[in-house]
Protein chains: 2
Amino acid sequence: MRDGSGSGTAVSRRDLLSLIGTVAGSAAMYQATASLGFAADSGYRGPIALSGDVRGASVLILGAGLAGMTAAFELRKAGYNVAVLEFNLRAGGRNWTLRGGDTYTELGGFTQACEFEAGQYFNPGPWRIPYHHRALLDYCKRLNVALEPFVELNHNAYLHAADAFGGRPQRIREIKADFQGHVAELLAKTTAQGKLDEAVSVEDKERLLQALRSWGALDQDYAYKKNLISARVRGYAKGPGGGLDGGVGAAPVAGEPIELADILKSELWEYLRNFSQLDFQTTLFQPTGGMDMIGKAFANEVGDLIRYDAKVTRIAQDDGGVTVTYVDPKAPASPPQLAKADWCFCTIPLSILSQIPIDVGPRMKAAIDAVPYASAVKIGLQFTRRFWEEDEAIYGGISYTDLPIRQIAYPNSGLNRRGRGVLLGAYIFEGSNAYEFAAMPPAERVARAVALGAQVHPQYPAEFENGVAVAWQRVPFSLGCAGYWTEKARAEHYGDLCQIDGRIVLAGEHASNLPAWQEGAILSSLDAVTRLHHRVVKT
Amino acid sequence: MRDGSGSGTAVSRRDLLSLIGTVAGSAAMYQATASLGFAADSGYRGPIALSGDVRGASVLILGAGLAGMTAAFELRKAGYNVAVLEFNLRAGGRNWTLRGGDTYTELGGFTQACEFEAGQYFNPGPWRIPYHHRALLDYCKRLNVALEPFVELNHNAYLHAADAFGGRPQRIREIKADFQGHVAELLAKTTAQGKLDEAVSVEDKERLLQALRSWGALDQDYAYKKNLISARVRGYAKGPGGGLDGGVGAAPVAGEPIELADILKSELWEYLRNFSQLDFQTTLFQPTGGMDMIGKAFANEVGDLIRYDAKVTRIAQDDGGVTVTYVDPKAPASPPQLAKADWCFCTIPLSILSQIPIDVGPRMKAAIDAVPYASAVKIGLQFTRRFWEEDEAIYGGISYTDLPIRQIAYPNSGLNRRGRGVLLGAYIFEGSNAYEFAAMPPAERVARAVALGAQVHPQYPAEFENGVAVAWQRVPFSLGCAGYWTEKARAEHYGDLCQIDGRIVLAGEHASNLPAWQEGAILSSLDAVTRLHHRVVKT
């Protein structure tokens, strides 16, 4: 970069160094270095390095989900002989995406064929990645998995309760802004009346009033009411326009806020909490093209180690090693096979593992048996057009309802495009509705999701094309969506679950403090891999 | 979809219709239809249809920004003879993206050559699109401009004040959660003590307490304090881990919330307002690959109508038509050219137009002269690596500071990728800092942005490579970033600005109630096009 008398060049590093002293003190520049505490809050401390001679040790990994494939990837790199047994015909486990042409047979025998248009997909399992899931994000980077933002909070999506507001869905922005505004007004008025004088100093009182006015969109009198101040957060009755706006005038018009009493009675405030939770804070991600891009990327690395269609029926160990018996789940009458190794790295969900004979001590066995699995139902629905975008300006994010479907989630990819779209038409986590839906044949689950969803989006019946419904209690490889630890069970059993028992170590989201998250599976795996390796190189 | 005895098929529309009656009353399904009020809040009412015989009328459009190109696109479709004069050698106007290889010469003669790596870019002008900008989104859809989410609020980005917290940037999630938690606690305690009894009914009092506990992350005693309840919104001191987490234990550990008094004193609460504003609410968009993808898509449609390098010097009209004089800005000594038409559709920014002789009545002339233009400075900085992601888990979004750079915005594309990245290293809108930066040579602006930004990101000096700085006061084609209407000026002049004066009509963001937004330019253009057309087919 130079002046106009010569050819232009941008500011280079060298130019900068000569200028930088001129414009700022160097002390200021570095003052923050020590105190940022980079990523101190994550359980991930960067790629593991397993050094030392493993002397040809072999490890048999059970399960080619993210925990199992993480172990396979790291253990092979460290020099181990690694083999993996996997129940399914694909890798990934609960890291799973359904697309047109896929079929899925659930426990009980119902088979669904997904009929989505090419390019459309639905993630029956995990579907979002928080920014603080450092281990998973690091593997995505190392394995070249492209990510895009996942929208959790969409201010223009809905909160809906069948018995509130005459059954009409409310825009999240209205409930959110109005609740906050009313709270700010109540506290500001209380503060101004001197009722907080014990709790707040005179100096802070003035600052608090200022802050509440700004944060709550209050007017000069600390009122939250119909005006352009509140309209700028809750939305306009008529938005600002251009020119003379067809003669009606281009000036924006404010709408009437919802009364606090009505919000309180509706219980729609309950959903606001979801959006502030750490696990759902911006920036969240999804892999471009479907969550299983992660499983596929791992399988690109370790797929050659995996034996598919292998259902484990017995896990034995003695001083000499481990012996795992398995059968082909599609040919249960065929003779059992045996796999042997020095060590067994078992990532089978506890819901399944508790049914498999395994040679571990009573404490680990008690831990394996102690953890119930959560029920969850997810339903993907394809529609002829993206009416939620076209008609309602809802791009991505989630609407919440007290109907049994609980959530409607909008696709976060292909935004503003013409053509078909696939919604998450229900996400029912635990509770009686999850069991009720799991008890229905899949077709009825889909039909019910369409019928109920029509209360939120009346376009449903006219635009619906086809759907798939996954009830996790009926998923043959996990019998539930994730370990559902109580505090009591965790206090009693978690430590035992995570020990190395002879030649067997367990890993997976169930062996983590991030239940139901892929990050939990990976962190658990890395911790178990590291401990196993230390034992191997020590002995 | 069928049972396990046959091949699977998904639920089709026909299957659904037979099931749907079984599982829900049809009344419930349609109840919401009438009341949703689709997009009633937007000034855009769908694509315009200009019917009627235009009898060969010609329109000369001045300016090939979004307002001018929207008019060219719609008027040609309606049958007009259309020509466009454009000052620059490219279309788009303030819809503008700088990439490696681009050069830019500002008023005063400084030329910058952008040295960004291929694939990196920086939008000196508009950079985000709200979900409620229905007209712009509709053109993006019709012109096949791919969009991706733009992250405004990133909970893990920073709020920073040089004099607060020892100059250490604070995570947005901490300030946001702690302020809300303290407010909830104060109001809950006041409510519980009966101090709100005049304002809130007995029934609502209990509901309010419940709501505040949920929304504010309060404990059973309505306290906001160090525990896992607050940690789940503000973040952990140590996050949950996997297995035995290297022996340190996998259980999460809560951190200490920031005191309300400290937040109030820091004034960091001022920034929280930004994130709830309608204009910055999720879901926001950016075009994939740079904002100028929109300008380019328009130019694909109407580029053949545009004469580039045409600087307008005089706009004359009489009963017979309009005559516009223009010169080549790069050869000011060459003879002036004339362009004639029946009508003139002028989108030249008022900052420029007020300096051009134009035959309009005194009221429109007064309006043209009445609107000052906002100053703004944006600086793009390329770094060797995406340290904000790798070191600090900041993916997209914006950090705010009270330093003169005011904002640091992180790229919302290429997230979690290896390699270089370009930050918005300053976005200074109005105020003395904008003038101060505009007065510096570009190289010094960049150097100063790096020096100041290092107070937020100490990695800056080690990782910086090159940068470009656009000070809008010095942008030759607009002399400012947007019309900066006061309420008084709008009351007095806006109506006059938007009238058709003889054969001349004005359009652009300046002729809208959405100043500085691309949506304003398009809505203004559509309104002016429609009114002009009505006049043409009527006369």
# chains A, B, ... in the order shown; residues from 1 in each chain; ligands from 1
>>> residues_around(residues="range 284-292 of chain A", least_positions_apart="6", cutoff="7 Å", atoms="only C-alpha atoms", output="ChimeraX atom specification")
/A:92,95-97,121,123,127-131,145-151
>>> residues_around(residues="Arg307 in chain B", least_positions_apart="3", cutoff="7 Å", atoms="only C-alpha atoms", output="PDB file with N, CA and C atoms, in the first residue's frame")
ATOM      1  N   VAL B  84     -28.348   2.118 -18.400  1.00  0.00           N
ATOM      2  CA  VAL B  84     -27.832   2.416 -17.063  1.00  0.00           C
ATOM      3  C   VAL B  84     -26.463   3.072 -17.206  1.00  0.00           C
ATOM      4  N   LEU B  85     -26.247   4.146 -16.471  1.00  0.00           N
ATOM      5  CA  LEU B  85     -24.918   4.758 -16.377  1.00  0.00           C
ATOM      6  C   LEU B  85     -24.337   4.466 -15.002  1.00  0.00           C
ATOM      7  N   GLU B  86     -23.087   4.037 -15.003  1.00  0.00           N
ATOM      8  CA  GLU B  86     -22.448   3.661 -13.730  1.00  0.00           C
ATOM      9  C   GLU B  86     -21.064   4.297 -13.657  1.00  0.00           C
ATOM     10  N   ALA B 310     -18.871   5.994 -16.245  1.00  0.00           N
ATOM     11  CA  ALA B 310     -19.665   7.153 -16.671  1.00  0.00           C
ATOM     12  C   ALA B 310     -20.002   8.003 -15.451  1.00  0.00           C
TER      13      ALA B 310
END
>>> select_by_dssp(residues="range 156-363 of chain B", states="strand (DSSP E)", output="ChimeraX atom specification")
/B:158-160,170-171,236-238,253-254,284-287,306-307,311-318,321-327,337-341,343-346
>>> write_last_selection(atoms="C-alpha atoms", output="compact mmCIF listing (two decimals), in the first residue's frame")
# COMPACT_ATOMS: atom_id res chain seq x y z
CA TYR B 158 -15.56 -11.16 23.72
CA LEU B 159 -16.76 -7.95 25.26
CA HIS B 160 -13.83 -5.73 26.07
CA GLN B 170 -14.71 -11.14 28.90
CA ARG B 171 -16.63 -13.89 27.15
CA TYR B 236 -17.69 -24.06 33.36
CA ALA B 237 -14.38 -23.43 35.07
CA LYS B 238 -13.64 -26.98 33.90
CA VAL B 253 -16.58 -27.64 37.87
CA ALA B 254 -18.44 -24.34 38.17
CA LEU B 284 -28.97 -13.70 9.50
CA PHE B 285 -27.35 -14.53 6.19
CA GLN B 286 -24.36 -13.79 4.05
CA PRO B 287 -23.93 -14.80 0.44
CA ILE B 306 -24.81 -0.84 -18.17
CA ARG B 307 -22.35 1.74 -19.42
CA LYS B 311 -19.57 10.04 -14.23
CA VAL B 312 -22.78 12.07 -14.34
CA THR B 313 -22.19 15.83 -14.38
CA ARG B 314 -25.63 17.25 -15.21
CA ILE B 315 -29.24 16.01 -15.09
CA ALA B 316 -31.60 18.08 -17.20
CA GLN B 317 -35.27 17.63 -17.98
CA ASP B 318 -37.93 19.37 -20.01
CA GLY B 321 -37.57 14.09 -21.80
CA VAL B 322 -34.39 13.95 -19.75
CA THR B 323 -30.83 14.63 -20.86
CA VAL B 324 -27.97 13.43 -18.71
CA THR B 325 -24.41 14.60 -19.28
CA TYR B 326 -21.56 12.33 -18.27
CA VAL B 327 -17.81 12.04 -18.60
CA GLN B 337 -21.34 12.57 -23.53
CA LEU B 338 -25.11 12.93 -23.57
CA ALA B 339 -27.74 10.30 -22.80
CA LYS B 340 -31.43 10.93 -23.40
CA ALA B 341 -34.59 9.16 -22.34
CA TRP B 343 -37.61 9.22 -17.78
CA CYS B 344 -34.70 9.34 -15.39
CA PHE B 345 -34.45 6.86 -12.52
CA CYS B 346 -31.69 8.28 -10.35
>>> atom_distance(atom1="CA of Asn466 in chain A", atom2="CA of Phe87 in chain A")
28.4 Å
